[in-house]
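S.K.: Questions regarding the structure given below will be posed in turn.
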Amino acid sequence: MKKNASGFIVLVILLSLLTGSVFLAHLVQKDFGRLEITNVMYPNVNGISIRAKLLKPREATEANPMPGIVYIHGYQNNRETGDAYSIELARRGFVVLNIDAIGRGNSGEPNDPSDTDFDNTYGGESSLNYLASLPFVRTDSLGMMGHSLGAEMAYHVALKRKEVRALVITGFAYTLAAAKDNPHNMLMIFGKWDEYRKRMTGTVDIEKEWMNTEQTRRVFPVPSPRVNETYGDFTQGTARRVFIPKAIHLQVSHSRSAIAEAVTWMRKALSPPENLWVAPESQIWPIKEWATFLALIAGLWLVMPLGSLLLQLPLFESLKGAPSDKYHCSGRAYLIHSGINGILMWLYLPLILVVFAIHIYVVKIDGIFPMMMLNAVVWWFFWINVVGFFIFRRWFRKTASSEGVTLADLGASYSDRKFSLGGVGIIQTVFLAILLAGIVYTLEHALEWLFIVDWRFIFPFANDMTPYRVKMFFLYLPFFLVGFVQTGLFLHGQIRLQPKGSPFYTWLYWSFGNITAMVVPLIIFLMVQYVPLLTTGAIPLVGPGGMFVSMVMNLFHIILILFLVIPISTWLFQLTGRIYLGALVVAMLVDWMLVSSQVIAPIPI
């Protein structure tokens, strides 16, 4: 009874934290009532649907129209990644259309680039048309803004459409196509340590070299421009500025200094109402970002108390168990096994190179698996766990079984005598896992529908899914399931440490050990890239066409996902003594988070 009460209390706390965090994020997004936030959908020029978030100052009306800005996020993102800029612009008197670019978020799937009606702005130009059609938007005061690939889309629209009176590009550099008066009033924000610096600017030290390039000579109206200084005339559309914050590529989309530069630029170019102006350094977006991160943690982790409570029901109580005491991993063995696992995880880039080589030279994988960035992650995770299984089997036959340890002792079998999935037991486990993951998804979907807020932090994480993405969920699920079953066998079987004095402290201890084994190799991998970058400016891992840069950057996302789900897997193993409930739940949660947030594209662009 006491255990039930504790589980219920923790569940209530997490539900309260979840709803409170989402509501706080909702309030911040609305600037505490000063903005109106709505979901809008409209067709692209080629008929593909576009979803966007419209942020409108309450004072903006047909009788009192205000400047309008389209914001386009980067390649591997969705519209919420642009919330930092969008919120700060809207609360200063701009109507902001923050879009899901085609192939991202809840917008439609892109057609083939070879099609005659393929839109290389991924909905950017149609979004400008939609924004201009709104009666409360000034058509003589329109702007475009974007980050990374979204900045490239915004740039191409602004080059073509002369009614765009202001452009801010972040994480992207203007090209030789630009001129001194086209695009109008252009601000470029590019991080000092941006990983795409060489690819986009051709410079090694952007602060020293960029202002002397041919691109800059074509764009700036003076012979020797300098960074962080404004040139030209806003009324003539010739204003120009390059701002270089001390940031990497990802940071620029959530940089206070970059946001302050952007809102100030748009004010000078588009003239929003002065009575709505807020000092550039006064920014509230970080509250929303941390609130949705808290919602993400609470929303996922409520699986643990919910699992404890559901296992008390007659339908599932037979699944209750405890980890065997017959085997625990020594400290020395833990380091050896974790080191071997770390080497496998370091196959990340070599395996990704293989899958893209297969795609380019053997068979077009995206014909069946259309999410190429996700394909790379799934390929890596699946194959290192296949190899890991054979390493585990060799260890088990050579060491564990000779010491009398069975697969049941490692949480992999329902029988002490032979490998068995327990018949009814595994069916109950699958049903319970679907119930737990389904409840979490339903909560996220309902809260996002009510408050137009998803669960995220810097990257997109947990979003609602379109019917197409639901199909992708089932397509990729088997590969995640194989990977997390083997991961569970490794973490909760092979390297399981001695328990501590109570279930809670055991969970903390085991979770820490499991996270360390899985995450430290990836953190070291990141250090190989970022220590030289931040100290000397060199980028060690670039790869063909800069592919490695994108994939290494993706490790930030993967590491945070592992931090979130490993404690769930550990707790569910403690409750059942077997690896399967945790593996099933975590596989579904990770599959959902990645499928709902990753780009749908035939090739990386």
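Simple scheme: letters A, B, ... for chains in structure tokens order, numbers from 1 for residues in each chain, numbers from 1 for ligands in the order shown.
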Do you know which residues are at most 6 Å from segment 291-308 of chain A counting only C-alpha atoms, after dropping those on the same chain fewer than 5 positions away, and could you put them as a ChimeraX atom specification?

M.R.: /A:7,11,14,18,21,25,455-457

S.K.: When you look at Ser338 of chain A with a cut-off of 12 Å (counting only C-alpha atoms), what residues show up, excluding the ones that are within fewer than 2 positions of it in the same chain? I need them as a ChimeraX atom specification.

M.R.: /A:329-336,340-345,388,392,487,490-491,494-496,513-521

S.K.: Leaving out Ser107 of chain A and any residue of its chain fewer than 4 positions from it, which residues lie within 9 Å of it when counting only C-alpha atoms, given as a PDB file with C-alpha atoms, in the first residue's frame?

M.R.:
ATOM      1  CA  MET A  41      -2.429  25.755 -42.732  1.00  0.00           C
ATOM      2  CA  ILE A  48       1.679  20.540 -50.691  1.00  0.00           C
ATOM      3  CA  SER A  49       0.282  21.696 -47.351  1.00  0.00           C
ATOM      4  CA  ILE A  50       2.225  24.048 -45.094  1.00  0.00           C
ATOM      5  CA  ARG A  51       1.602  24.392 -41.378  1.00  0.00           C
ATOM      6  CA  ALA A  52       2.727  27.478 -39.527  1.00  0.00           C
ATOM      7  CA  ILE A  99       6.566  27.902 -40.573  1.00  0.00           C
ATOM      8  CA  ASP A 100       7.165  24.168 -40.708  1.00  0.00           C
ATOM      9  CA  ALA A 101       9.143  24.023 -43.947  1.00  0.00           C
ATOM     10  CA  ILE A 102       7.898  21.332 -46.319  1.00  0.00           C
ATOM     11  CA  GLY A 103       9.171  17.928 -45.195  1.00  0.00           C
ATOM     12  CA  THR A 466       0.859  13.477 -39.035  1.00  0.00           C
TER      13      THR A 466
END

S.K.: Go through segment 438-510 of chain A residue by residue and, counting only C-alpha atoms, keep those with an atom at most 12 Å from segment 544-561 of chain A; for each kept residue give the shortest atom pair and its distance in Å to one decimal, ordered by chain and increasing number, as CSV.

M.R.:
residue,atom,partner,partner_atom,distance
A:Arg456,CA,A:His557,CA,10.7
A:Phe457,CA,A:His557,CA,9.4
A:Ile458,CA,A:His557,CA,8.9
A:Phe459,CA,A:His557,CA,6.7
A:Pro460,CA,A:His557,CA,8.8
A:Phe461,CA,A:Ile561,CA,8.4
A:Ala462,CA,A:Ile561,CA,10.6

S.K.: Could you find all residues in segment 209-458 of chain A that DSSP calls strand (DSSP E) from the backbone, and write them as a list in words?

M.R.: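 Those in segment 209-458 of chain A that DSSP calls strand (DSSP E) are Arg240, Arg241, Val242, Phe243, Trp455, Arg456 and Phe457 of chain A.
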
S.K.: Would you mind telling me which residue in A:Phe316, A:Phe525, A:Tyr327, A:Phe118 lies nearest to Gly411 of chain A when using only C-alpha atoms?

M.R.: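 For Gly411 of chain A, the nearest of the candidates is A:Tyr327.
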
S.K.: Smallest atom-to-atom distance to Lys471 of chain A: which of A:Leu450, A:Val440, A:Val595, A:Leu489, using only C-alpha atoms?

M.R.: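 Closest to Lys471 of chain A, using only C-alpha atoms: A:Val595.
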
S.K.: Smallest atom-to-atom distance to Arg578 of chain A: which of A:Gly483, A:Gly47, A:Gly425, A:Gly438, using only C-alpha atoms?

M.R.: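 Of all the options, A:Gly425 lies closest to Arg578 of chain A.
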
S.K.: Using only C-alpha atoms, can you tell me which of A:Leu421, A:Leu432, A:Leu349, A:Ala260 comes closest to Leu315 of chain A?

M.R.: A:Leu432

S.K.: Name the residues in contact with Lys162 of chain A at a cut-off of 12 Å, using only C-alpha atoms, excluding same-chain residues fewer than 6 positions from it; report them as a list in words.

M.R.: Leu128, Thr139, Asp140, Ser141, Leu142, Gly143, Met144, Tyr155, His156, Asp181, Asn182, Pro183, His184, Asn185 and Gly237 of chain A
